[in-house]
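Below you'll find the structure, written out as structure tokens, and then a few comments.
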Amino acid sequence: MCGIIGYCGPKPAGPILIQGLRRLEYRGYDSAGIGVLSDGDVAVFKKKGKINNLAEVVPEDLPGTCGIGHTRWATHGVVNDANAHPHADATGKIVIVHNGIIENYTALREKLEEDGCVFASDTDSEVIAHLLASLYEGNLEKTMAQALTLLQGTYGIVALHADEPDTIVGARNGSPLVLGIGDDEMFLASDVTAIVAHTKQVVYIEDGEIISITPSTYHLTDQRRNTVDKKIEFISWELEEIEKDGYAHFMEKEIFEQPDSILRAMQGRIDHEYATSHLGGLNMSRAELLNTERVKIIAAGTSFHAGLVAANLIESIARIPCTAELASELRYRNPIVERNTVYFAVSQSGETADTLYAMRELQRKGARVLGICNVVGATIPRESDGGVYIHSGPEIAVASTKAFTSQLTAFYLFALLIARMRDMSYEGGKEFVQALESIPEHIRSMLSRVDTIRSLAKKYAGVADFLFLGRGLNYPVALEGALKLKEISYIHAEGYSAAEIKHGPIALINEQTPSLFLVPDDALRDKVLSNMKEVKARRGPVIAVCVDGDRDVAEVADDVIEIPRASTVIYPFLMVVPLQLFSYYTALELGRNVDQPRNLAKSVTVE
Ligand code: F6R
């Protein structure tokens with residue numbers, strides 16, 4: 001959500017900022033801008049729309065080697081040039097970019113307006129520029145410290161002052177900020193994808209800290225404004241990982257990467273000798289694991305759907321009560337934290353505000369919260385009490401795909417670990433491991449025959465509404481299929497338990513409303529088959545995802561997508577891939593912007 005970049009070094013800042021913004025565009029893409037310092041002035045360019053619109057108005061020979069940039073996901077104020085960042089004070093000397101929400105901006109704005117400030121935008125962010133100007137006495141770093149005592153809300157702020165050449169000051173509270181250390185050049189960014197082309201040495205900025213950079217130095221202070229010396233960390237991602245690598249879209253690439261990304265999530269974590277798993281990052285002793293009486297999962301969106309599958313699996317194979325809940329709801333309902341309960345905060349980005357704040361609330365009440373995250377060094381894994389990195393590699397498409405299957409993998413390994421400490425026999429463990437290890441190959445075989453899905457996407461792309469129906473472990477997969485379709489194709493889609501349709505949604509069925517049923521050959525197959533017949537009886541078109549050669553299903557359904565016959569426990573992995581492809585091809589058919597769907601952004605760092 002909103003991308004930020006700052007550069008200070010010997011090279012022209014313009015192209016570096018524009019390139020960084022292109023890499024950050026997935027975080028927000030309704031407008032973008034840069035501000036570059038040169039000869040005691042800050043030249044500001046900003047434009048509604050994609051980075052290309054901005055690039056067209058920035059002169060190629062723009063002078064200046066120190067500057068800041070921003071790609072916006074609007075919170076306050078419509079999408080237009082004026083509301084795009086950077087924002088400046090009245091003199092144009094102080095220029096800022098901001099990610100987050102300033103909650104007391106109305107009061108601050110009123111006060112600043114009383115003092116004569118004229119605002120040029122409708123954003124909350126602009127108050128930061130005027131506030132800094134009203135406090136400025138010759139030192140931007142000190143002024144930032146003063147301003148933070150007056151700002152309420154969340155922020156990643158990066159600012160510069162025309163009178164302080166070669167200096168950028170950043171501050172963070174709740175919105176990510178990272179320092180990149182290069183050779184005689186420094187970077188500030190909202191995430192490492194913006195700077196990985198230039199440096200792999202980073203320092204993660206924490207809430208309350210202020211960072212000031214020049215081309216060759218950086219100075220970091222904590223909340224009490226004491227200087228802090230932090231460990232420099234290394235980014236393990238390669239530049240190629242954040243490029244499309246011959247695929248038309250990041251989403252396509254990420255769907256096709258799944259055999260490898262699932263394998264990476266498993267690697268080194270399976271103990272074949274004892275048919276169990278190793279998850280050292282949990283930071284829990286065997287006794288603590290054995291004493292665990294409950295598991296609770298919090299997350300948002302796709303990560304929540306992974307949590308729902310996990311809750312069903314953990315309870316059924318590890319025999320301990322497990323539930324999944326939306327993090328946004330948990331935070332505000334004063335949850336009861338019980339003893340011997342392990343919480344998981346699941347988040348691809350590790351920065352989702354709803355999940356992060358719920359995690360902090362649980363920790364404040366004394367809970368142990370483990371993270372299941374992808375982005376190494378993000379806030380949730382840093383602040384959690386332990387956890388599992390899923391190692392999917394960067395997920396750039398806004399619609400999450402490979403992170404989902406890797407989150408599932410992490411949970412399956414955790415379920416195995418706990419199950420083997422309880423009821424699951426060695427033989428049972430071996431079967432489970434075998435099933436788990438067969439997933440990448442099954443997915444690989446499915447990805448080599450995508451033509452049916454592509455032609456079904458063509459056939460159904462014109463519909464207005466869609467139902468996704470599944471049961472048991474695959475009920476959350478139906479929710480995920482509906483979410484994928486609506487977010488990138490804009491077709492209205494709902495996911496339900498197939499059993500639930502008779503309690504209301506069946507009223508929607510008519511010849512124009514297709515239902516996609518997930519019908520694996522598990523214990524609930526016959527029941528789902530009956531639900532399919534109920535829909536057919538009402539002339540609803542039916543697509544079924546079923547195992548190869550399931551004739552009963554094929555007889556009832558209008559269209560069939562076949563998946564390999566496998567151990568029932570792994571069907572959520574095999575069911576979700578066709579749904580990801582179906583939404584991808586449907587969105588293509590409708591000419592949608594697949595990687596950057598309207599109104600959305602990757603990494604939702606506001607509540
Ligand atoms: C859907 C999607 C979102 C995210 C949600 C949580 O495709 O990407 O629903 O899953 O915003 O994000 P993370 O996992 O980063 O916490």
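In the structure tokens, chains take letters A, B, ... by order of appearance, with residues numbered from 1 within each chain and ligands from 1 in the order shown.
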
Would you name the residues within 7 Å of ligand 1, counting only C-alpha atoms and all ligand atoms, and put them as a ChimeraX atom specification? /A:299-303,346-352,355,398-401,483-484,602-604

Could you take the residues named above and write them with N, CA and C atoms, as a compact mmCIF listing (two decimals), in the first residue's frame?
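Generated output (again-v4.txt):
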```txt
# COMPACT_ATOMS: atom_id res chain seq x y z
N ALA A 299 -5.72 -13.89 10.30
CA ALA A 299 -5.19 -13.48 8.99
C ALA A 299 -6.27 -12.68 8.27
N ALA A 300 -5.94 -12.25 7.07
CA ALA A 300 -6.89 -11.51 6.21
C ALA A 300 -6.86 -12.10 4.81
N GLY A 301 -7.96 -11.97 4.09
CA GLY A 301 -8.01 -12.31 2.66
C GLY A 301 -7.60 -13.74 2.37
N THR A 302 -6.74 -13.86 1.37
CA THR A 302 -6.28 -15.18 0.96
C THR A 302 -5.58 -15.92 2.10
N SER A 303 -4.81 -15.20 2.88
CA SER A 303 -4.11 -15.83 4.02
C SER A 303 -5.12 -16.40 5.02
N VAL A 346 -0.94 -15.17 10.03
CA VAL A 346 -0.53 -15.59 8.68
C VAL A 346 -0.57 -14.38 7.76
N SER A 347 0.53 -14.11 7.09
CA SER A 347 0.55 -12.94 6.21
C SER A 347 1.67 -13.08 5.18
N GLN A 348 1.31 -13.05 3.92
CA GLN A 348 2.34 -13.08 2.87
C GLN A 348 3.31 -11.93 3.07
N SER A 349 2.78 -10.72 3.13
CA SER A 349 3.64 -9.53 3.18
C SER A 349 4.28 -9.35 4.54
N GLY A 350 3.61 -9.82 5.57
CA GLY A 350 4.09 -9.57 6.93
C GLY A 350 3.88 -8.14 7.38
N GLU A 351 3.09 -7.38 6.61
CA GLU A 351 2.87 -5.97 6.94
C GLU A 351 1.40 -5.61 7.06
N THR A 352 0.49 -6.54 6.83
CA THR A 352 -0.94 -6.23 6.82
C THR A 352 -1.36 -5.64 8.17
N THR A 355 -3.73 -7.62 10.53
CA THR A 355 -3.12 -8.80 11.16
C THR A 355 -2.07 -8.38 12.19
N VAL A 398 -0.85 -8.60 -7.51
CA VAL A 398 -1.68 -8.23 -6.36
C VAL A 398 -2.49 -9.43 -5.86
N ALA A 399 -2.99 -10.23 -6.79
CA ALA A 399 -3.75 -11.42 -6.38
C ALA A 399 -2.77 -12.51 -5.91
N SER A 400 -2.96 -12.93 -4.69
CA SER A 400 -2.03 -13.89 -4.08
C SER A 400 -2.30 -15.31 -4.59
N THR A 401 -1.25 -15.99 -5.02
CA THR A 401 -1.43 -17.37 -5.51
C THR A 401 -0.42 -18.31 -4.84
N LEU A 483 -12.89 -15.29 -4.35
CA LEU A 483 -12.11 -14.05 -4.12
C LEU A 483 -11.21 -13.76 -5.33
N LYS A 484 -10.53 -14.81 -5.81
CA LYS A 484 -9.64 -14.62 -6.97
C LYS A 484 -10.41 -14.07 -8.15
N LYS A 602 -1.12 -4.31 -3.23
CA LYS A 602 -0.47 -5.39 -2.48
C LYS A 602 -0.10 -4.82 -1.12
N SER A 603 -0.17 -5.64 -0.08
CA SER A 603 0.30 -5.24 1.23
C SER A 603 -0.54 -4.08 1.79
N VAL A 604 -1.58 -4.43 2.51
CA VAL A 604 -2.56 -3.43 2.95
C VAL A 604 -2.16 -2.91 4.34
```

Distance table requested - segment 241-294 of chain A against segment 446-454 of chain A, cut-off 12 Å, only C-alpha atoms: one row per qualifying residue with the closest atom pair and its distance in Å to one decimal, ordered by chain and rising residue number, as CSV.
```
residue,atom,partner,partner_atom,distance
A:Glu252,CA,A:Leu447,CA,10.8
A:Lys253,CA,A:Leu447,CA,11.4
A:Glu254,CA,A:Leu447,CA,11.9
A:Ile255,CA,A:Leu447,CA,8.8
A:Phe256,CA,A:Leu447,CA,6.9
A:Glu257,CA,A:Leu447,CA,9.9
A:Gln258,CA,A:Leu447,CA,9.6
A:Pro259,CA,A:Leu447,CA,9.4
```

Output all heavy atoms of each residue in that selection to a file, as an mmCIF file, in the first residue's frame.
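What landed in selection_38.cif:
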```
data_model
loop_
_atom_site.group_PDB
_atom_site.id
_atom_site.type_symbol
_atom_site.label_atom_id
_atom_site.label_comp_id
_atom_site.auth_asym_id
_atom_site.auth_seq_id
_atom_site.Cartn_x
_atom_site.Cartn_y
_atom_site.Cartn_z
ATOM 1 N N GLU A 252 0.651 -14.989 -13.741
ATOM 2 C CA GLU A 252 0.868 -16.239 -14.479
ATOM 3 C C GLU A 252 2.169 -16.891 -13.994
ATOM 4 O O GLU A 252 2.215 -18.092 -13.700
ATOM 5 C CB GLU A 252 0.948 -15.946 -15.977
ATOM 6 C CG GLU A 252 1.064 -17.200 -16.819
ATOM 7 C CD GLU A 252 1.363 -16.893 -18.287
ATOM 8 O OE1 GLU A 252 1.859 -15.800 -18.595
ATOM 9 O OE2 GLU A 252 1.114 -17.779 -19.122
ATOM 10 N N LYS A 253 3.216 -16.089 -13.898
ATOM 11 C CA LYS A 253 4.514 -16.614 -13.452
ATOM 12 C C LYS A 253 4.368 -17.257 -12.065
ATOM 13 O O LYS A 253 4.861 -18.357 -11.812
ATOM 14 C CB LYS A 253 5.517 -15.459 -13.410
ATOM 15 C CG LYS A 253 6.882 -15.862 -12.881
ATOM 16 C CD LYS A 253 7.798 -14.648 -12.784
ATOM 17 C CE LYS A 253 9.116 -15.036 -12.158
ATOM 18 N NZ LYS A 253 9.631 -14.048 -11.220
ATOM 19 N N GLU A 254 3.664 -16.559 -11.186
ATOM 20 C CA GLU A 254 3.574 -17.036 -9.805
ATOM 21 C C GLU A 254 2.719 -18.304 -9.694
ATOM 22 O O GLU A 254 2.997 -19.186 -8.871
ATOM 23 C CB GLU A 254 3.084 -15.887 -8.914
ATOM 24 C CG GLU A 254 4.200 -14.855 -8.763
ATOM 25 C CD GLU A 254 3.763 -13.446 -8.366
ATOM 26 O OE1 GLU A 254 2.601 -13.282 -7.961
ATOM 27 O OE2 GLU A 254 4.592 -12.520 -8.466
ATOM 28 N N ILE A 255 1.703 -18.417 -10.554
ATOM 29 C CA ILE A 255 0.912 -19.663 -10.564
ATOM 30 C C ILE A 255 1.814 -20.816 -11.020
ATOM 31 O O ILE A 255 1.838 -21.887 -10.407
ATOM 32 C CB ILE A 255 -0.317 -19.542 -11.500
ATOM 33 C CG1 ILE A 255 -1.325 -18.546 -10.941
ATOM 34 C CG2 ILE A 255 -0.973 -20.915 -11.707
ATOM 35 C CD1 ILE A 255 -2.490 -18.219 -11.886
ATOM 36 N N PHE A 256 2.580 -20.550 -12.077
ATOM 37 C CA PHE A 256 3.414 -21.625 -12.635
ATOM 38 C C PHE A 256 4.626 -21.946 -11.768
ATOM 39 O O PHE A 256 5.233 -23.002 -11.928
ATOM 40 C CB PHE A 256 3.826 -21.266 -14.084
ATOM 41 C CG PHE A 256 2.751 -21.614 -15.069
ATOM 42 C CD1 PHE A 256 1.645 -20.793 -15.221
ATOM 43 C CD2 PHE A 256 2.795 -22.781 -15.814
ATOM 44 C CE1 PHE A 256 0.616 -21.116 -16.111
ATOM 45 C CE2 PHE A 256 1.781 -23.116 -16.706
ATOM 46 C CZ PHE A 256 0.684 -22.272 -16.856
ATOM 47 N N GLU A 257 4.967 -21.054 -10.871
ATOM 48 C CA GLU A 257 6.107 -21.317 -9.971
ATOM 49 C C GLU A 257 5.759 -22.285 -8.843
ATOM 50 O O GLU A 257 6.638 -22.714 -8.098
ATOM 51 C CB GLU A 257 6.540 -20.004 -9.303
ATOM 52 C CG GLU A 257 7.564 -19.208 -10.065
ATOM 53 C CD GLU A 257 7.830 -17.854 -9.404
ATOM 54 O OE1 GLU A 257 7.206 -17.517 -8.381
ATOM 55 O OE2 GLU A 257 8.653 -17.131 -9.929
ATOM 56 N N GLN A 258 4.473 -22.599 -8.682
ATOM 57 C CA GLN A 258 4.058 -23.283 -7.461
ATOM 58 C C GLN A 258 4.724 -24.642 -7.192
ATOM 59 O O GLN A 258 5.026 -24.932 -6.033
ATOM 60 C CB GLN A 258 2.535 -23.368 -7.385
ATOM 61 C CG GLN A 258 1.960 -21.985 -7.105
ATOM 62 C CD GLN A 258 0.451 -21.918 -7.054
ATOM 63 O OE1 GLN A 258 -0.127 -21.805 -6.003
ATOM 64 N NE2 GLN A 258 -0.172 -21.967 -8.187
ATOM 65 N N PRO A 259 4.990 -25.458 -8.228
ATOM 66 C CA PRO A 259 5.688 -26.712 -7.883
ATOM 67 C C PRO A 259 7.005 -26.420 -7.144
ATOM 68 O O PRO A 259 7.347 -27.109 -6.180
ATOM 69 C CB PRO A 259 5.939 -27.353 -9.254
ATOM 70 C CG PRO A 259 4.857 -26.810 -10.129
ATOM 71 C CD PRO A 259 4.629 -25.405 -9.651
#
```

Who sits within 9 Å of segment 496-499 of chain A, only C-alpha atoms, same chain under 6 positions skipped, as a PDB file with N, CA, C and O atoms, in the first residue's frame:
```pdb
ATOM      1  N   LEU A 467     -21.019 -18.709  -8.574  1.00  0.00           N
ATOM      2  CA  LEU A 467     -20.942 -19.323  -7.233  1.00  0.00           C
ATOM      3  C   LEU A 467     -19.813 -20.342  -7.227  1.00  0.00           C
ATOM      4  O   LEU A 467     -19.623 -21.076  -8.203  1.00  0.00           O
ATOM      5  N   PHE A 468     -19.071 -20.396  -6.129  1.00  0.00           N
ATOM      6  CA  PHE A 468     -18.019 -21.394  -5.931  1.00  0.00           C
ATOM      7  C   PHE A 468     -18.416 -22.215  -4.715  1.00  0.00           C
ATOM      8  O   PHE A 468     -18.665 -21.657  -3.641  1.00  0.00           O
ATOM      9  N   LEU A 469     -18.461 -23.531  -4.892  1.00  0.00           N
ATOM     10  CA  LEU A 469     -19.010 -24.368  -3.823  1.00  0.00           C
ATOM     11  C   LEU A 469     -18.095 -25.542  -3.526  1.00  0.00           C
ATOM     12  O   LEU A 469     -17.631 -26.237  -4.432  1.00  0.00           O
ATOM     13  N   GLY A 470     -17.825 -25.744  -2.251  1.00  0.00           N
ATOM     14  CA  GLY A 470     -16.982 -26.867  -1.846  1.00  0.00           C
ATOM     15  C   GLY A 470     -17.344 -27.279  -0.430  1.00  0.00           C
ATOM     16  O   GLY A 470     -18.158 -26.614   0.224  1.00  0.00           O
ATOM     17  N   ARG A 471     -16.738 -28.360   0.034  1.00  0.00           N
ATOM     18  CA  ARG A 471     -17.032 -28.806   1.398  1.00  0.00           C
ATOM     19  C   ARG A 471     -15.746 -29.259   2.079  1.00  0.00           C
ATOM     20  O   ARG A 471     -14.744 -29.553   1.436  1.00  0.00           O
ATOM     21  N   GLY A 472     -15.833 -29.356   3.408  1.00  0.00           N
ATOM     22  CA  GLY A 472     -14.702 -29.861   4.184  1.00  0.00           C
ATOM     23  C   GLY A 472     -13.456 -29.024   3.950  1.00  0.00           C
ATOM     24  O   GLY A 472     -13.504 -27.790   3.940  1.00  0.00           O
ATOM     25  N   ASN A 474     -12.077 -28.399   1.361  1.00  0.00           N
ATOM     26  CA  ASN A 474     -12.164 -27.624   0.122  1.00  0.00           C
ATOM     27  C   ASN A 474     -13.196 -26.497   0.161  1.00  0.00           C
ATOM     28  O   ASN A 474     -13.314 -25.745  -0.815  1.00  0.00           O
ATOM     29  N   TYR A 475     -13.876 -26.375   1.281  1.00  0.00           N
ATOM     30  CA  TYR A 475     -14.810 -25.248   1.411  1.00  0.00           C
ATOM     31  C   TYR A 475     -14.043 -23.913   1.391  1.00  0.00           C
ATOM     32  O   TYR A 475     -14.385 -23.005   0.615  1.00  0.00           O
ATOM     33  N   PRO A 476     -12.945 -23.787   2.183  1.00  0.00           N
ATOM     34  CA  PRO A 476     -12.188 -22.526   2.078  1.00  0.00           C
ATOM     35  C   PRO A 476     -11.588 -22.313   0.692  1.00  0.00           C
ATOM     36  O   PRO A 476     -11.367 -21.171   0.280  1.00  0.00           O
ATOM     37  N   ALA A 478     -13.127 -22.944  -2.044  1.00  0.00           N
ATOM     38  CA  ALA A 478     -14.215 -22.302  -2.799  1.00  0.00           C
ATOM     39  C   ALA A 478     -14.239 -20.802  -2.490  1.00  0.00           C
ATOM     40  O   ALA A 478     -14.412 -19.973  -3.399  1.00  0.00           O
ATOM     41  N   LEU A 479     -14.027 -20.448  -1.217  1.00  0.00           N
ATOM     42  CA  LEU A 479     -13.986 -19.016  -0.862  1.00  0.00           C
ATOM     43  C   LEU A 479     -12.841 -18.327  -1.608  1.00  0.00           C
ATOM     44  O   LEU A 479     -12.968 -17.219  -2.114  1.00  0.00           O
ATOM     45  N   PRO A 505     -28.662 -19.331  -0.882  1.00  0.00           N
ATOM     46  CA  PRO A 505     -28.073 -18.944  -2.180  1.00  0.00           C
ATOM     47  C   PRO A 505     -28.707 -19.620  -3.382  1.00  0.00           C
ATOM     48  O   PRO A 505     -28.621 -19.088  -4.499  1.00  0.00           O
ATOM     49  N   PHE A 517     -18.379 -26.284  -8.790  1.00  0.00           N
ATOM     50  CA  PHE A 517     -18.335 -27.205  -7.647  1.00  0.00           C
ATOM     51  C   PHE A 517     -16.964 -27.863  -7.535  1.00  0.00           C
ATOM     52  O   PHE A 517     -16.393 -28.310  -8.543  1.00  0.00           O
ATOM     53  N   LEU A 518     -16.454 -27.965  -6.312  1.00  0.00           N
ATOM     54  CA  LEU A 518     -15.228 -28.720  -6.053  1.00  0.00           C
ATOM     55  C   LEU A 518     -15.659 -30.099  -5.563  1.00  0.00           C
ATOM     56  O   LEU A 518     -16.266 -30.212  -4.490  1.00  0.00           O
ATOM     57  N   LYS A 527     -22.367 -36.239  -1.323  1.00  0.00           N
ATOM     58  CA  LYS A 527     -23.233 -35.139  -0.861  1.00  0.00           C
ATOM     59  C   LYS A 527     -23.098 -33.951  -1.817  1.00  0.00           C
ATOM     60  O   LYS A 527     -24.083 -33.310  -2.175  1.00  0.00           O
ATOM     61  N   VAL A 528     -21.865 -33.662  -2.235  1.00  0.00           N
ATOM     62  CA  VAL A 528     -21.662 -32.537  -3.163  1.00  0.00           C
ATOM     63  C   VAL A 528     -22.334 -32.848  -4.503  1.00  0.00           C
ATOM     64  O   VAL A 528     -22.955 -31.970  -5.128  1.00  0.00           O
ATOM     65  N   ASN A 531     -25.817 -31.926  -4.293  1.00  0.00           N
ATOM     66  CA  ASN A 531     -25.992 -30.466  -4.394  1.00  0.00           C
ATOM     67  C   ASN A 531     -25.892 -30.009  -5.852  1.00  0.00           C
ATOM     68  O   ASN A 531     -26.616 -29.111  -6.284  1.00  0.00           O
ATOM     69  N   MET A 532     -24.982 -30.662  -6.598  1.00  0.00           N
ATOM     70  CA  MET A 532     -24.850 -30.328  -8.021  1.00  0.00           C
ATOM     71  C   MET A 532     -26.163 -30.598  -8.748  1.00  0.00           C
ATOM     72  O   MET A 532     -26.614 -29.809  -9.592  1.00  0.00           O
TER      73      MET A 532
END
```

Within 9 Å of segment 366-373 of chain A, counting only C-alpha atoms, which residues qualify if same-chain residues fewer than 3 places away don't, as a ChimeraX atom specification? /A:282-283,337-350,359-363,376,378,380-391,403,407,410-411

Residues just named, written with C-alpha atoms as a compact mmCIF listing (two decimals), in the first residue's frame:
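Result file follows (selection-v5.txt):
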```txt
# COMPACT_ATOMS: atom_id res chain seq x y z
CA LEU A 282 8.72 -21.98 16.08
CA ASN A 283 11.01 -21.45 19.09
CA VAL A 337 -6.43 -15.41 25.55
CA GLU A 338 -6.37 -18.90 27.01
CA ARG A 339 -3.39 -20.75 28.45
CA ASN A 340 -1.55 -23.31 26.34
CA THR A 341 -2.86 -21.76 23.16
CA VAL A 342 -0.67 -21.13 20.16
CA TYR A 343 -1.69 -18.33 17.83
CA PHE A 344 -0.57 -18.05 14.22
CA ALA A 345 -0.57 -14.71 12.38
CA VAL A 346 -0.53 -15.59 8.68
CA SER A 347 0.55 -12.94 6.21
CA GLN A 348 2.34 -13.08 2.87
CA SER A 349 3.64 -9.53 3.18
CA GLY A 350 4.09 -9.57 6.93
CA MET A 359 -1.11 -9.84 16.76
CA ARG A 360 0.07 -7.00 19.00
CA GLU A 361 -3.23 -7.04 20.90
CA LEU A 362 -2.85 -10.78 21.52
CA GLN A 363 0.76 -10.38 22.61
CA VAL A 376 11.83 -11.93 5.35
CA ALA A 378 8.83 -7.77 7.58
CA ILE A 380 5.05 -9.52 11.63
CA PRO A 381 7.92 -12.02 11.52
CA ARG A 382 10.15 -9.55 13.38
CA GLU A 383 7.64 -8.98 16.16
CA SER A 384 6.26 -12.52 16.42
CA ASP A 385 7.47 -15.01 19.00
CA GLY A 386 8.69 -17.41 16.33
CA GLY A 387 7.26 -18.89 13.17
CA VAL A 388 7.80 -20.27 9.72
CA TYR A 389 9.03 -18.45 6.64
CA ILE A 390 7.38 -19.89 3.54
CA HIS A 391 10.19 -18.92 1.12
CA ALA A 403 1.84 -17.64 -1.14
CA GLN A 407 1.16 -21.10 3.60
CA ALA A 410 3.79 -24.62 6.32
CA PHE A 411 0.56 -25.49 8.11
```

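Each of A:Glu164, A:Asp521, A:Asp39, A:Glu141 was compared to Gly64 of chain A using only C-alpha atoms, and A:Asp39 turns out to be the nearest.
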
Got a sec to tell me which of segment 219-276 of chain A DSSP assigns to strand (DSSP E), as a PyMOL selection string? chain A and resi 219-221+233-234+270-271+276

Counting only C-alpha atoms, the residue of A:Arg23, A:His442, A:His198, A:His219 that sits nearest Ala171 of chain A: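 Answer, going by the shortest atom-to-atom distance: A:His219.
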
Residue neighbourhood segment 96-112 of chain A, 7 Å, only C-alpha atoms, exclusion window fewer than 5 positions, as number ranges by chain: A: 2, 69-70, 85-88, 117, 124-125, 127, 129, 151-160, 175, 605-606

Write to file, as a short mmCIF file (atom, residue, chain, number, x, y, z; two decimals), in the first residue's frame, the residues of the selection just made, with N, CA, C and O atoms.
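Once written, part.cif looks like this:
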```
data_model
loop_
_atom_site.label_atom_id
_atom_site.label_comp_id
_atom_site.auth_asym_id
_atom_site.auth_seq_id
_atom_site.Cartn_x
_atom_site.Cartn_y
_atom_site.Cartn_z
N CYS A 2 0.82 2.06 -0.96
CA CYS A 2 1.71 3.19 -1.20
C CYS A 2 3.15 2.73 -1.16
O CYS A 2 3.60 2.12 -0.20
N GLY A 69 10.40 9.53 -4.00
CA GLY A 69 9.32 9.18 -4.92
C GLY A 69 8.22 8.40 -4.20
O GLY A 69 8.44 7.85 -3.11
N HIS A 70 7.06 8.34 -4.85
CA HIS A 70 5.90 7.75 -4.18
C HIS A 70 4.92 7.21 -5.21
O HIS A 70 4.69 7.83 -6.25
N HIS A 85 1.45 12.30 -4.36
CA HIS A 85 2.62 12.74 -3.59
C HIS A 85 3.77 12.99 -4.57
O HIS A 85 3.77 12.41 -5.65
N PRO A 86 4.81 13.73 -4.25
CA PRO A 86 5.10 14.40 -2.98
C PRO A 86 4.19 15.61 -2.73
O PRO A 86 3.61 16.18 -3.65
N HIS A 87 4.14 15.98 -1.43
CA HIS A 87 3.48 17.21 -1.03
C HIS A 87 4.52 18.16 -0.48
O HIS A 87 5.51 17.72 0.12
N ALA A 88 4.27 19.45 -0.69
CA ALA A 88 5.26 20.45 -0.26
C ALA A 88 4.61 21.46 0.68
O ALA A 88 3.39 21.62 0.69
N CYS A 117 -1.59 28.76 6.65
CA CYS A 117 -1.17 27.78 5.62
C CYS A 117 -2.28 27.58 4.59
O CYS A 117 -3.45 27.48 4.94
N ASP A 124 -4.57 13.70 3.80
CA ASP A 124 -4.11 13.83 5.18
C ASP A 124 -2.60 14.10 5.18
O ASP A 124 -2.08 14.79 6.05
N SER A 125 -1.91 13.56 4.16
CA SER A 125 -0.44 13.61 4.15
C SER A 125 0.12 15.03 4.09
O SER A 125 1.18 15.31 4.64
N VAL A 127 -0.52 17.64 5.58
CA VAL A 127 -0.27 18.34 6.86
C VAL A 127 1.16 18.11 7.33
O VAL A 127 1.73 18.95 8.03
N ALA A 129 3.94 18.10 5.60
CA ALA A 129 4.84 19.09 5.01
C ALA A 129 4.69 20.44 5.71
O ALA A 129 5.68 21.07 6.09
N LEU A 151 2.04 14.04 15.57
CA LEU A 151 1.30 13.25 14.59
C LEU A 151 0.72 12.00 15.23
O LEU A 151 1.43 11.29 15.96
N GLN A 152 -0.56 11.75 14.95
CA GLN A 152 -1.16 10.48 15.40
C GLN A 152 -1.55 9.68 14.17
O GLN A 152 -2.04 10.26 13.20
N GLY A 153 -1.33 8.37 14.25
CA GLY A 153 -1.72 7.53 13.11
C GLY A 153 -0.56 6.65 12.69
O GLY A 153 0.34 6.36 13.47
N THR A 154 -0.62 6.24 11.43
CA THR A 154 0.44 5.36 10.93
C THR A 154 1.20 6.09 9.84
O THR A 154 0.62 6.87 9.08
N TYR A 155 2.48 5.85 9.81
CA TYR A 155 3.25 6.50 8.77
C TYR A 155 4.56 5.79 8.48
O TYR A 155 5.17 5.20 9.34
N GLY A 156 4.91 5.88 7.18
CA GLY A 156 6.28 5.80 6.74
C GLY A 156 6.43 7.14 6.03
O GLY A 156 5.66 7.44 5.11
N ILE A 157 7.33 7.98 6.52
CA ILE A 157 7.48 9.32 5.92
C ILE A 157 8.91 9.44 5.42
O ILE A 157 9.85 9.01 6.11
N VAL A 158 9.06 10.04 4.27
CA VAL A 158 10.40 10.37 3.80
C VAL A 158 10.33 11.83 3.35
O VAL A 158 9.39 12.22 2.65
N ALA A 159 11.32 12.63 3.81
CA ALA A 159 11.25 14.08 3.57
C ALA A 159 12.61 14.64 3.18
O ALA A 159 13.64 14.08 3.55
N LEU A 160 12.57 15.75 2.46
CA LEU A 160 13.82 16.48 2.23
C LEU A 160 13.56 17.97 2.29
O LEU A 160 12.42 18.44 2.21
N SER A 175 4.07 1.73 9.22
CA SER A 175 4.20 1.50 7.77
C SER A 175 5.67 1.24 7.47
O SER A 175 6.52 1.99 7.92
N THR A 605 -1.41 -1.79 4.33
CA THR A 605 -0.83 -1.32 5.59
C THR A 605 -1.70 -0.27 6.30
O THR A 605 -1.22 0.42 7.17
N VAL A 606 -2.97 -0.16 5.86
CA VAL A 606 -3.89 0.68 6.63
C VAL A 606 -5.05 -0.19 7.09
O VAL A 606 -5.34 -1.22 6.49
#
```

Leu330 of chain A: which residues within 7 Å, counting only C-alpha atoms, same-chain residues fewer than 5 positions away excluded, as a short mmCIF file (atom, residue, chain, number, x, y, z; two decimals) with all heavy atoms, in the first residue's frame?
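As written to disk, out-v1.cif reads:
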```
data_model
loop_
_atom_site.label_atom_id
_atom_site.label_comp_id
_atom_site.auth_asym_id
_atom_site.auth_seq_id
_atom_site.Cartn_x
_atom_site.Cartn_y
_atom_site.Cartn_z
N GLU A 325 -9.74 -17.04 12.38
CA GLU A 325 -10.60 -15.87 12.51
C GLU A 325 -9.99 -14.69 11.76
O GLU A 325 -8.76 -14.58 11.67
CB GLU A 325 -10.73 -15.51 14.00
CG GLU A 325 -11.64 -14.34 14.24
CD GLU A 325 -11.85 -14.02 15.72
OE1 GLU A 325 -11.38 -14.78 16.58
OE2 GLU A 325 -12.50 -13.00 15.98
N PRO A 335 -10.60 -10.22 22.68
CA PRO A 335 -10.56 -11.69 22.71
C PRO A 335 -10.02 -12.25 24.03
O PRO A 335 -9.21 -11.60 24.69
CB PRO A 335 -9.58 -12.02 21.58
CG PRO A 335 -8.72 -10.81 21.46
CD PRO A 335 -9.60 -9.65 21.78
N ALA A 358 -3.78 -6.99 15.34
CA ALA A 358 -4.41 -8.09 16.10
C ALA A 358 -3.32 -8.89 16.82
O ALA A 358 -3.49 -9.27 17.98
CB ALA A 358 -5.21 -8.98 15.16
#
```
